[in-house]
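Shown next: upload_16.txt, given as compact mmCIF, C-alpha atoms and all ligand atoms.
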```
# COMPACT_ATOMS: atom_id res chain seq x y z
CA MET A 1 -71.50 2.79 -6.28
CA GLU A 2 -71.89 5.71 -3.91
CA LYS A 3 -75.07 6.77 -5.71
CA LYS A 4 -76.59 3.30 -5.25
CA LEU A 5 -75.86 3.43 -1.51
CA ILE A 6 -77.43 6.87 -1.23
CA ASP A 7 -80.53 5.68 -3.10
CA GLU A 8 -80.86 2.75 -0.70
CA SER A 9 -80.29 5.02 2.26
CA ARG A 10 -83.16 7.23 1.09
CA LYS A 11 -85.33 4.19 0.47
CA TYR A 12 -84.84 2.41 3.78
CA ILE A 13 -83.97 5.06 6.38
CA MET A 14 -86.48 7.50 7.83
CA ASN A 15 -85.89 10.97 6.55
CA THR A 16 -84.96 12.63 9.86
CA TYR A 17 -81.75 14.26 8.62
CA ASN A 18 -80.91 16.40 5.60
CA ARG A 19 -77.95 14.25 4.68
CA PHE A 20 -75.16 15.40 2.41
CA PRO A 21 -74.65 13.08 -0.60
CA ILE A 22 -71.58 11.52 1.01
CA VAL A 23 -71.27 7.99 2.43
CA LEU A 24 -68.58 7.90 5.09
CA ARG A 25 -66.82 4.60 5.49
CA LYS A 26 -63.54 5.03 7.31
CA GLY A 27 -61.85 7.48 9.65
CA ARG A 28 -58.43 8.08 11.25
CA GLY A 29 -57.64 11.04 13.46
CA MET A 30 -58.86 14.23 11.76
CA LYS A 31 -59.62 12.48 8.47
CA VAL A 32 -62.57 10.53 7.09
CA TRP A 33 -62.99 8.80 3.74
CA SER A 34 -66.12 8.26 1.69
CA SER A 35 -67.12 4.98 0.06
CA ASP A 36 -65.80 6.27 -3.26
CA GLY A 37 -62.43 7.04 -1.72
CA LYS A 38 -62.64 10.82 -1.34
CA GLU A 39 -60.74 12.22 1.66
CA TYR A 40 -62.20 14.84 4.00
CA LEU A 41 -60.78 16.86 6.86
CA ASP A 42 -63.39 16.57 9.58
CA PHE A 43 -64.21 19.75 11.53
CA VAL A 44 -67.58 18.29 12.58
CA GLY A 45 -66.15 15.40 14.58
CA GLY A 46 -69.57 13.75 14.91
CA ILE A 47 -70.72 17.10 16.40
CA ALA A 48 -68.43 17.12 19.42
CA VAL A 49 -68.37 13.31 19.71
CA ASN A 50 -65.01 12.22 18.28
CA CYS A 51 -62.95 14.14 20.83
CA LEU A 52 -59.79 12.04 20.28
CA GLY A 53 -60.27 11.87 16.52
CA HIS A 54 -61.58 8.91 14.54
CA CYS A 55 -60.68 5.37 15.62
CA HIS A 56 -58.13 6.43 18.22
CA PRO A 57 -55.86 3.35 18.48
CA LYS A 58 -56.09 3.19 22.28
CA VAL A 59 -59.89 3.25 22.17
CA VAL A 60 -59.98 0.65 19.39
CA ILE A 61 -57.62 -1.75 21.18
CA SER A 62 -59.40 -1.46 24.52
CA LEU A 63 -62.71 -2.16 22.77
CA GLN A 64 -61.26 -5.21 21.01
CA LYS A 65 -60.03 -6.60 24.31
CA GLN A 66 -63.30 -5.90 26.10
CA ALA A 67 -65.33 -7.40 23.23
CA GLN A 68 -63.51 -10.69 23.81
CA ARG A 69 -64.01 -10.51 27.58
CA LEU A 70 -67.64 -9.42 28.10
CA LEU A 71 -70.15 -7.55 25.92
CA HIS A 72 -73.19 -7.24 28.12
CA VAL A 73 -74.56 -8.23 31.48
CA SER A 74 -77.53 -6.84 33.36
CA ASN A 75 -77.21 -4.03 35.86
CA LEU A 76 -78.53 -6.59 38.35
CA TYR A 77 -74.80 -7.29 38.78
CA HIS A 78 -71.81 -5.07 39.41
CA ILE A 79 -69.88 -4.33 36.21
CA GLU A 80 -66.11 -3.73 36.37
CA PRO A 81 -65.70 -1.09 33.62
CA GLN A 82 -68.78 0.76 34.93
CA ILE A 83 -67.26 0.99 38.42
CA LYS A 84 -63.97 2.28 37.07
CA LEU A 85 -65.65 4.83 34.79
CA ALA A 86 -67.80 6.11 37.65
CA ARG A 87 -64.70 6.54 39.82
CA LEU A 88 -62.86 8.45 37.06
CA LEU A 89 -65.81 10.82 36.54
CA ILE A 90 -66.44 11.35 40.23
CA GLU A 91 -62.77 11.96 41.02
CA ARG A 92 -62.65 14.54 38.22
CA SER A 93 -65.93 16.34 39.10
CA CYS A 94 -67.79 18.04 41.93
CA ALA A 95 -70.35 15.21 41.91
CA ASP A 96 -70.47 12.12 44.14
CA LYS A 97 -72.44 9.50 42.22
CA ALA A 98 -72.97 8.49 38.59
CA PHE A 99 -75.88 7.00 36.64
CA PHE A 100 -75.22 5.65 33.16
CA CYS A 101 -77.43 5.62 30.08
CA ASN A 102 -76.92 5.73 26.31
CA SER A 103 -77.39 9.28 25.05
CA GLY A 104 -77.65 12.95 25.93
CA ALA A 105 -81.43 13.00 25.86
CA GLU A 106 -81.53 10.05 28.24
CA ALA A 107 -79.05 11.70 30.60
CA ASN A 108 -81.29 14.78 30.69
CA GLU A 109 -84.42 12.65 31.19
CA ALA A 110 -82.70 11.08 34.18
CA ALA A 111 -81.83 14.54 35.55
CA ILE A 112 -85.41 15.77 35.08
CA LYS A 113 -86.78 12.72 36.90
CA LEU A 114 -84.19 13.01 39.67
CA VAL A 115 -84.94 16.66 40.55
CA ARG A 116 -88.69 15.98 40.63
CA LYS A 117 -88.18 12.95 42.85
CA TYR A 118 -85.80 14.86 45.12
CA ALA A 119 -88.44 17.57 45.70
CA LYS A 120 -91.06 14.94 46.54
CA ASP A 121 -88.65 13.09 48.84
CA HIS A 122 -88.21 16.34 50.72
CA GLY A 123 -91.86 16.70 51.46
CA VAL A 124 -93.00 19.09 48.74
CA SER A 125 -95.46 17.24 46.56
CA ASP A 126 -96.23 20.14 44.19
CA LYS A 127 -92.65 21.25 43.55
CA TYR A 128 -91.85 20.02 40.06
CA GLU A 129 -91.26 22.98 37.76
CA ILE A 130 -87.91 23.32 35.99
CA ILE A 131 -86.75 26.62 34.54
CA THR A 132 -84.76 26.35 31.30
CA THR A 133 -83.64 28.93 28.74
CA HIS A 134 -84.69 30.12 25.30
CA GLY A 135 -82.49 28.65 22.60
CA SER A 136 -81.51 25.69 24.75
CA PHE A 137 -81.28 22.15 23.40
CA HIS A 138 -81.59 19.16 25.70
CA GLY A 139 -82.51 16.32 23.32
CA ARG A 140 -85.42 14.79 21.42
CA THR A 141 -87.21 12.53 23.90
CA LEU A 142 -90.49 14.08 24.98
CA ALA A 143 -89.42 15.54 28.34
CA ALA A 144 -86.00 16.67 27.05
CA LEU A 145 -87.80 18.24 24.08
CA SER A 146 -90.25 19.98 26.39
CA ALA A 147 -87.29 21.29 28.38
CA SER A 148 -85.62 22.65 25.22
CA GLY A 149 -86.35 26.30 24.56
CA GLN A 150 -86.85 26.05 20.79
CA GLU A 151 -90.41 25.85 19.48
CA LYS A 152 -89.32 24.65 16.03
CA PHE A 153 -88.34 21.27 17.52
CA GLN A 154 -91.56 20.99 19.55
CA LYS A 155 -94.04 21.77 16.77
CA GLY A 156 -96.31 18.85 16.00
CA PHE A 157 -95.46 16.88 19.12
CA GLU A 158 -97.87 18.60 21.49
CA PRO A 159 -99.05 18.10 24.14
CA LEU A 160 -95.60 18.60 25.63
CA VAL A 161 -94.62 17.38 29.07
CA PRO A 162 -95.85 20.01 31.55
CA GLY A 163 -93.63 21.61 34.16
CA PHE A 164 -91.09 23.58 32.12
CA LYS A 165 -90.72 27.36 32.04
CA HIS A 166 -88.44 29.08 29.57
CA VAL A 167 -86.64 32.36 30.20
CA PRO A 168 -84.10 34.27 28.08
CA PHE A 169 -80.50 33.03 28.41
CA ASN A 170 -78.23 35.54 30.21
CA ASP A 171 -81.23 37.27 31.86
CA ILE A 172 -80.95 36.72 35.61
CA GLU A 173 -83.94 38.96 36.43
CA ALA A 174 -86.26 36.97 34.19
CA LEU A 175 -85.03 33.82 35.90
CA VAL A 176 -85.75 35.16 39.38
CA LYS A 177 -89.18 36.44 38.29
CA SER A 178 -90.20 33.05 36.96
CA ILE A 179 -89.52 31.23 40.24
CA THR A 180 -92.65 30.11 42.07
CA ARG A 181 -93.32 27.76 44.98
CA HIS A 182 -93.56 25.01 42.33
CA THR A 183 -90.00 25.49 41.05
CA CYS A 184 -87.57 22.68 41.88
CA ALA A 185 -84.62 23.25 39.53
CA VAL A 186 -82.87 25.31 36.88
CA MET A 187 -81.46 23.51 33.84
CA LEU A 188 -78.88 25.11 31.54
CA GLU A 189 -76.18 24.48 29.00
CA PRO A 190 -73.19 26.46 30.33
CA ILE A 191 -72.55 27.44 26.71
CA GLN A 192 -75.50 26.98 24.37
CA GLY A 193 -74.41 24.70 21.54
CA GLU A 194 -77.15 23.85 19.09
CA ILE A 195 -78.53 27.39 18.85
CA GLY A 196 -75.12 28.52 17.52
CA ILE A 197 -72.54 28.64 20.34
CA LYS A 198 -73.99 31.31 22.62
CA MET A 199 -71.68 32.26 25.49
CA PRO A 200 -72.92 33.06 28.99
CA SER A 201 -72.39 36.72 29.86
CA GLU A 202 -69.82 37.65 32.49
CA GLY A 203 -70.98 36.49 35.93
CA TYR A 204 -74.27 34.97 34.67
CA LEU A 205 -73.65 31.36 35.73
CA LYS A 206 -72.35 32.47 39.13
CA LYS A 207 -75.52 34.48 39.64
CA VAL A 208 -77.64 31.51 38.57
CA ARG A 209 -75.86 29.37 41.17
CA LYS A 210 -76.54 31.99 43.85
CA VAL A 211 -80.23 32.25 42.89
CA CYS A 212 -80.50 28.45 43.13
CA ASP A 213 -78.93 28.55 46.59
CA ASP A 214 -81.15 31.43 47.75
CA TYR A 215 -84.37 29.78 46.54
CA ASN A 216 -83.40 26.22 47.38
CA LEU A 217 -83.39 25.02 43.76
CA LEU A 218 -81.16 22.38 42.19
CA LEU A 219 -78.87 23.39 39.32
CA ILE A 220 -78.61 20.95 36.41
CA LEU A 221 -75.83 21.71 33.92
CA ASP A 222 -76.28 20.02 30.55
CA GLU A 223 -72.65 19.38 29.58
CA VAL A 224 -73.57 16.90 26.85
CA GLN A 225 -71.78 19.09 24.30
CA THR A 226 -69.47 21.21 26.50
CA GLY A 227 -68.07 18.35 28.60
CA MET A 228 -65.10 16.05 27.94
CA GLY A 229 -62.57 18.81 27.35
CA ARG A 230 -64.47 20.47 24.52
CA THR A 231 -64.03 23.96 26.01
CA GLY A 232 -60.42 23.42 27.11
CA LYS A 233 -61.33 22.24 30.60
CA PHE A 234 -62.69 18.79 31.38
CA PHE A 235 -66.08 20.28 32.34
CA ALA A 236 -67.16 23.73 31.12
CA TYR A 237 -68.40 24.68 34.62
CA GLU A 238 -64.73 24.78 35.74
CA HIS A 239 -64.36 28.04 33.76
CA PHE A 240 -67.04 29.75 35.82
CA ASP A 241 -66.10 28.97 39.41
CA ILE A 242 -69.38 27.22 40.23
CA GLU A 243 -70.50 23.72 41.17
CA PRO A 244 -73.73 22.31 39.73
CA ASP A 245 -75.82 19.76 41.67
CA ILE A 246 -76.25 17.62 38.57
CA ILE A 247 -74.15 17.28 35.41
CA THR A 248 -75.26 15.46 32.27
CA LEU A 249 -72.77 14.07 29.76
CA ALA A 250 -72.84 12.14 26.48
CA LYS A 251 -71.41 13.12 23.04
CA GLY A 252 -67.64 13.00 23.64
CA LEU A 253 -67.84 10.67 26.65
CA GLY A 254 -67.26 7.43 24.74
CA GLY A 255 -64.82 8.87 22.18
CA GLY A 256 -67.23 7.78 19.43
CA VAL A 257 -69.18 5.05 21.24
CA ALA A 258 -72.73 5.73 22.47
CA ILE A 259 -72.88 6.42 26.18
CA GLY A 260 -74.54 9.00 28.43
CA ALA A 261 -74.11 9.80 32.09
CA MET A 262 -75.73 11.82 34.82
CA LEU A 263 -73.57 12.82 37.78
CA ALA A 264 -75.07 14.18 41.00
CA LYS A 265 -74.17 15.31 44.49
CA GLU A 266 -74.70 12.64 47.15
CA ALA A 267 -77.80 14.17 48.78
CA VAL A 268 -79.55 14.44 45.41
CA ALA A 269 -78.41 11.04 44.15
CA GLN A 270 -80.10 9.47 47.20
CA SER A 271 -83.47 10.03 45.55
CA PHE A 272 -82.76 7.29 43.00
CA GLN A 273 -83.20 3.87 44.59
CA PRO A 274 -83.86 0.41 43.15
CA GLY A 275 -87.00 0.63 41.03
CA THR A 276 -86.98 4.42 40.54
CA HIS A 277 -84.90 4.62 37.37
CA ALA A 278 -83.04 2.16 35.17
CA SER A 279 -81.57 1.40 31.76
CA THR A 280 -80.87 -2.00 30.21
CA PHE A 281 -77.80 -0.91 28.28
CA GLY A 282 -76.78 1.95 30.59
CA GLY A 283 -73.22 1.43 31.78
CA ASN A 284 -72.62 -1.68 29.67
CA PRO A 285 -69.06 -3.05 29.63
CA LEU A 286 -68.28 -2.09 26.04
CA ALA A 287 -69.41 1.54 26.21
CA CYS A 288 -67.80 2.06 29.62
CA THR A 289 -64.51 0.66 28.35
CA ALA A 290 -64.54 3.15 25.48
CA ALA A 291 -65.26 5.98 27.93
CA ILE A 292 -62.51 4.90 30.38
CA THR A 293 -59.90 4.86 27.62
CA THR A 294 -61.17 8.16 26.23
CA ILE A 295 -60.94 9.91 29.61
CA GLU A 296 -57.54 8.39 30.45
CA THR A 297 -56.16 9.41 27.05
CA LEU A 298 -57.69 12.88 27.26
CA LEU A 299 -56.10 13.54 30.64
CA GLU A 300 -52.91 11.48 30.27
CA ASP A 301 -50.40 14.30 30.24
CA GLY A 302 -52.52 17.39 29.76
CA PHE A 303 -51.44 17.51 26.14
CA ILE A 304 -54.86 17.21 24.56
CA LEU A 305 -56.60 19.80 26.78
CA ASP A 306 -53.64 22.10 26.22
CA ASN A 307 -53.91 21.54 22.47
CA CYS A 308 -57.65 22.25 22.62
CA ASN A 309 -56.96 25.61 24.32
CA ARG A 310 -54.19 26.61 21.93
CA MET A 311 -55.95 25.46 18.76
CA GLY A 312 -59.21 27.04 19.92
CA LYS A 313 -57.48 30.40 20.25
CA TYR A 314 -55.73 29.90 16.91
CA LEU A 315 -59.03 29.07 15.19
CA LEU A 316 -60.79 32.10 16.74
CA LYS A 317 -57.93 34.40 15.73
CA ASN A 318 -57.98 33.20 12.14
CA LEU A 319 -61.75 33.35 11.85
CA GLU A 320 -61.62 36.94 13.16
CA LYS A 321 -59.13 37.75 10.39
CA LEU A 322 -61.53 36.24 7.88
CA LYS A 323 -64.31 38.39 9.32
CA LYS A 324 -62.24 41.52 8.64
CA ASP A 325 -61.98 40.49 4.98
CA TYR A 326 -65.66 39.56 4.62
CA PRO A 327 -67.56 41.92 6.94
CA SER A 328 -70.74 41.71 4.87
CA VAL A 329 -70.93 37.89 5.13
CA ILE A 330 -69.63 37.22 8.64
CA ALA A 331 -71.59 38.73 11.52
CA GLU A 332 -69.93 37.34 14.64
CA ILE A 333 -67.42 34.77 15.88
CA ARG A 334 -68.07 33.11 19.26
CA GLY A 335 -66.66 30.26 21.26
CA ILE A 336 -64.24 28.80 23.72
CA GLY A 337 -61.82 25.92 23.26
CA LEU A 338 -62.84 23.91 20.20
CA MET A 339 -66.51 24.83 20.42
CA VAL A 340 -66.62 27.66 17.94
CA GLY A 341 -69.41 29.31 15.97
CA MET A 342 -69.30 31.80 13.12
CA GLU A 343 -72.60 33.57 12.58
CA LEU A 344 -73.22 34.60 8.99
CA THR A 345 -75.51 37.31 7.69
CA LYS A 346 -77.25 34.69 5.51
CA PRO A 347 -78.20 30.99 5.61
CA CYS A 348 -75.14 28.74 5.62
CA ALA A 349 -76.28 25.36 4.25
CA ASN A 350 -74.91 26.22 0.80
CA ILE A 351 -71.51 27.22 2.24
CA VAL A 352 -71.25 23.85 3.96
CA THR A 353 -71.85 22.08 0.63
CA LEU A 354 -69.21 24.16 -1.16
CA VAL A 355 -66.70 23.57 1.65
CA ALA A 356 -67.41 19.80 1.54
CA GLU A 357 -66.77 19.80 -2.22
CA LYS A 358 -63.31 21.13 -1.35
CA GLY A 359 -62.74 18.26 1.06
CA VAL A 360 -63.55 19.83 4.44
CA LEU A 361 -66.52 18.93 6.64
CA ILE A 362 -68.13 21.66 8.74
CA ASN A 363 -71.57 21.98 10.30
CA CYS A 364 -74.32 24.57 9.91
CA THR A 365 -76.56 25.00 12.94
CA SER A 366 -79.52 27.21 13.69
CA GLY A 367 -79.74 28.18 10.01
CA ASN A 368 -76.93 30.70 9.78
CA VAL A 369 -74.15 29.66 12.15
CA LEU A 370 -71.16 27.65 10.97
CA ARG A 371 -70.16 25.40 13.87
CA PHE A 372 -66.66 24.00 14.29
CA THR A 373 -66.32 21.10 16.76
CA PRO A 374 -63.27 19.19 15.46
CA PRO A 375 -61.43 16.47 17.35
CA LEU A 376 -59.35 18.03 20.15
CA ILE A 377 -56.18 16.79 18.41
CA VAL A 378 -56.54 19.19 15.46
CA THR A 379 -53.30 20.91 14.37
CA GLU A 380 -52.43 24.44 13.21
CA LYS A 381 -51.80 23.12 9.72
CA GLU A 382 -55.28 21.62 9.56
CA ILE A 383 -56.84 24.87 10.80
CA ASP A 384 -54.82 26.77 8.16
CA HIS A 385 -56.31 24.46 5.54
CA LEU A 386 -59.85 25.06 6.81
CA ILE A 387 -59.30 28.83 6.68
CA GLU A 388 -57.93 28.62 3.12
CA VAL A 389 -60.99 26.69 2.00
CA LEU A 390 -63.36 29.12 3.73
CA GLU A 391 -61.53 32.02 2.08
CA ASP A 392 -61.88 30.30 -1.28
CA VAL A 393 -65.60 29.81 -0.79
CA PHE A 394 -66.32 33.31 0.60
CA GLY A 395 -64.19 34.89 -2.11
CA GLY A 396 -65.62 32.71 -4.88
CA PRO A 397 -68.25 33.79 -7.41
C1 LIG B 401 -76.57 16.78 21.49
C2 LIG B 401 -77.13 17.34 22.75
C3 LIG B 401 -78.14 16.67 23.47
C4 LIG B 401 -78.81 15.42 22.96
O1 LIG B 401 -77.95 14.33 22.92
P1 LIG B 401 -78.41 12.98 22.17
O2 LIG B 401 -77.29 12.03 22.45
O3 LIG B 401 -78.57 13.33 20.73
O4 LIG B 401 -79.69 12.57 22.79
C5 LIG B 401 -78.55 17.21 24.67
N1 LIG B 401 -78.01 18.35 25.15
C6 LIG B 401 -77.05 19.02 24.48
C7 LIG B 401 -76.48 20.27 25.07
C8 LIG B 401 -76.59 18.55 23.26
O5 LIG B 401 -75.67 19.24 22.58
```
The structure given in the file should be rewritten as structure tokens.
Ligand SMILES: *Cc1c(COP(=O)(O)O)cnc(C)c1O
Amino acid sequence: MEKKLIDESRKYIMNTYNRFPIVLRKGRGMKVWSSDGKEYLDFVGGIAVNCLGHCHPKVVISLQKQAQRLLHVSNLYHIEPQIKLARLLIERSCADKAFFCNSGAEANEAAIKLVRKYAKDHGVSDKYEIITTHGSFHGRTLAALSASGQEKFQKGFEPLVPGFKHVPFNDIEALVKSITRHTCAVMLEPIQGEIGIKMPSEGYLKKVRKVCDDYNLLLILDEVQTGMGRTGKFFAYEHFDIEPDIITLAKGLGGGVAIGAMLAKEAVAQSFQPGTHASTFGGNPLACTAAITTIETLLEDGFILDNCNRMGKYLLKNLEKLKKDYPSVIAEIRGIGLMVGMELTKPCANIVTLVAEKGVLINCTSGNVLRFTPPLIVTEKEIDHLIEVLEDVFGGP
């Protein structure tokens, strides 16, 4: 049964992912089940998407209600759930206006277009360059890919979109040196996700903000992975005492439903006017309803953010213990909240397979980093189980 599905999957679906031989059919909270009935504890969480766990009842019910009311109308009209979602995001952020789209890459595309347009609107026709960092990941569309500082994703797709300069993450001098009269913005993930959870060094983001102010550059923070409570605060930038000019969001925003957003300060947002940028499905009633319920549930009584902080610390502490026992396999543990990486001294794909065979799903990124991005509702008991399974696998033959 499962084998037949996997054969069909390989036959009909383009081979863009190295998929594990598991067909997932159903999910509840921290658990998912495969088509042959096997149960898994999910520490991948759709890679930081399922922030409230799978099929959170409040999200499901609000979607059912909205599906009966209105599925889609054009952005030529005002849309109730879109208005409410924008208000929630703006009230909770340093930004003033929202633009909605359907994914992280699209949110970053919108940000890239907006900073270029803003420079032109302010009389500088040749100010278009955006500085980004090595190891960054901003998505797979051509401009977002060109912005990303990882050649392995860009290979074969040249010519890339011009106008991006890459500098080492955490190197403020290199950033300053790369500024020219053509530079219009700096674009960063506050914590680099895809490359293996790389933390900003002490004071780095504050210095980046100051450099942007000094040189009249806009600061785009890509919070596609770090946003929506993932790091223990609603936005990651809140940890660093800075305000970006533009924030991009996606992944966790819809609690499992596809939606992206770009938030911007009023003066910057002014550069988008009718005809400058658009999206057919951006801000559609269904996706916005999922996002409204996700945000309201996430912030309801502070419980979930609090849990994210406590469980994040608990996970880090236990992984550090594991590192003491297996110093030759585990190189470093990094992270904040429930965005945690464990760098190994060897490739980790095989470990992920062995862990899955024991009923726990984890992710391997950047070749040798185990990434843990579980739903923010994870419990101590579930973390204990993960650690036991990791111990089993590291200690095994
Ligand atoms: C996942 C991710 C993206 C891309 O999002 P998609 O929805 O896959 O387009 C962009 N930026 C960051 C930081 C991400 O983690």
Report task. Write out as a PyMOL selection string the residues lying within 7 Å of Lys117 (chain A), counting only C-alpha atoms and excluding same-chain residues fewer than 4 positions away. Result -> chain A and resi 113+121+271
Query raised in the report: Can you tell me which residues sit at most 8 Å away from ligand LIG 401 (chain B), counting all atoms listed in the file, written as a list in words?
Result: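 The residues near ligand LIG 401 (chain B) are Ile47, Asn102, Ser103, Gly104, Ala105, Glu106, Ala107, Asn108, Ser136, Phe137, His138, Gly139, Arg140, Thr141, Ala144, Glu189, Gln192, Gly193, Glu194, Asp222, Glu223, Val224, Gln225, Thr226, Ala250, Lys251, Ala258 and Gly260 of chain A.
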Include C-alpha atoms and write out the residues we just selected as a CSV table (one decimal), in the coordinates of the input.
```csv
chain,number,residue,atom,x,y,z
A,47,ILE,CA,-70.7,17.1,16.4
A,102,ASN,CA,-76.9,5.7,26.3
A,103,SER,CA,-77.4,9.3,25.0
A,104,GLY,CA,-77.6,13.0,25.9
A,105,ALA,CA,-81.4,13.0,25.9
A,106,GLU,CA,-81.5,10.0,28.2
A,107,ALA,CA,-79.0,11.7,30.6
A,108,ASN,CA,-81.3,14.8,30.7
A,136,SER,CA,-81.5,25.7,24.8
A,137,PHE,CA,-81.3,22.2,23.4
A,138,HIS,CA,-81.6,19.2,25.7
A,139,GLY,CA,-82.5,16.3,23.3
A,140,ARG,CA,-85.4,14.8,21.4
A,141,THR,CA,-87.2,12.5,23.9
A,144,ALA,CA,-86.0,16.7,27.0
A,189,GLU,CA,-76.2,24.5,29.0
A,192,GLN,CA,-75.5,27.0,24.4
A,193,GLY,CA,-74.4,24.7,21.5
A,194,GLU,CA,-77.2,23.8,19.1
A,222,ASP,CA,-76.3,20.0,30.6
A,223,GLU,CA,-72.6,19.4,29.6
A,224,VAL,CA,-73.6,16.9,26.8
A,225,GLN,CA,-71.8,19.1,24.3
A,226,THR,CA,-69.5,21.2,26.5
A,250,ALA,CA,-72.8,12.1,26.5
A,251,LYS,CA,-71.4,13.1,23.0
A,258,ALA,CA,-72.7,5.7,22.5
A,260,GLY,CA,-74.5,9.0,28.4
```
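Remark: for Ile295 (chain A), the closest of the candidate residues A:Met311, A:Met228, A:Ala267, A:Ala110 is A:Met228 (distances computed over all atoms listed in the file).
In this comparison, which uses all atoms listed in the file, the residue of A:Thr294, A:Ser201, A:Asn368, A:Thr289 approaching Ile330 (chain A) most closely is A:Asn368.
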Query raised in the report: Restricting the calculation to all atoms listed in the file, which member of A:Phe394, A:Phe272, A:Tyr326, A:Phe99 is positioned closest to Val352 (chain A)?
Result: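 For Val352 (chain A), the nearest of the given residues is A:Phe394.
Coordinates place CA of Leu386 (chain A) at a distance of 20.1 Å from CA of Gly37 (chain A).
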Report task. Figure out the distance between CA of Val389 (chain A) and CA of Leu305 (chain A), please, to one decimal in Å. Result -> 26.1 Å
Report task. Using only C-alpha atoms, determine which residues lie at most 7 Å from Ile377 (chain A), disregarding the query and same-chain residues fewer than 2 positions distant; provide the list as a PyMOL selection string. Result -> chain A and resi 52-53+304+307+375+379
Any chance you can output those residues with C-alpha atoms as a tab-separated table (two decimals), in the frame of the given file?
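To be explicit, this is the file written out as part_5.tsv:
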```tsv
chain	number	residue	atom	x	y	z
A	52	LEU	CA	-59.79	12.04	20.28
A	53	GLY	CA	-60.27	11.87	16.52
A	304	ILE	CA	-54.86	17.21	24.56
A	307	ASN	CA	-53.91	21.54	22.47
A	375	PRO	CA	-61.43	16.47	17.35
A	379	THR	CA	-53.30	20.91	14.37
```
Region 102-115 of chain A rebuilt with N, CA and C atoms, output as a short mmCIF file (atom, residue, chain, number, x, y, z; two decimals), in the coordinates of the input:
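Now in out.cif:
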```cif
data_model
loop_
_atom_site.label_atom_id
_atom_site.label_comp_id
_atom_site.auth_asym_id
_atom_site.auth_seq_id
_atom_site.Cartn_x
_atom_site.Cartn_y
_atom_site.Cartn_z
N ASN A 102 -77.49 5.93 27.65
CA ASN A 102 -76.92 5.73 26.31
C ASN A 102 -76.86 6.96 25.42
N SER A 103 -77.36 8.08 25.90
CA SER A 103 -77.39 9.28 25.05
C SER A 103 -77.58 10.53 25.90
N GLY A 104 -77.46 11.67 25.24
CA GLY A 104 -77.65 12.95 25.93
C GLY A 104 -79.08 13.15 26.39
N ALA A 105 -80.02 12.83 25.51
CA ALA A 105 -81.43 13.00 25.86
C ALA A 105 -81.77 12.15 27.09
N GLU A 106 -81.26 10.93 27.10
CA GLU A 106 -81.53 10.05 28.24
C GLU A 106 -80.89 10.56 29.52
N ALA A 107 -79.71 11.14 29.41
CA ALA A 107 -79.05 11.70 30.60
C ALA A 107 -79.90 12.84 31.15
N ASN A 108 -80.45 13.67 30.24
CA ASN A 108 -81.29 14.78 30.69
C ASN A 108 -82.62 14.29 31.25
N GLU A 109 -83.19 13.25 30.63
CA GLU A 109 -84.42 12.65 31.19
C GLU A 109 -84.17 12.21 32.62
N ALA A 110 -83.03 11.57 32.83
CA ALA A 110 -82.70 11.08 34.18
C ALA A 110 -82.60 12.26 35.14
N ALA A 111 -81.99 13.35 34.69
CA ALA A 111 -81.83 14.54 35.55
C ALA A 111 -83.19 15.15 35.88
N ILE A 112 -84.07 15.20 34.88
CA ILE A 112 -85.41 15.77 35.08
C ILE A 112 -86.18 14.92 36.10
N LYS A 113 -86.10 13.61 35.95
CA LYS A 113 -86.78 12.72 36.90
C LYS A 113 -86.18 12.87 38.30
N LEU A 114 -84.86 12.96 38.36
CA LEU A 114 -84.19 13.01 39.67
C LEU A 114 -84.58 14.27 40.45
N VAL A 115 -84.62 15.44 39.79
CA VAL A 115 -84.94 16.66 40.55
C VAL A 115 -86.41 16.66 41.00
#
```
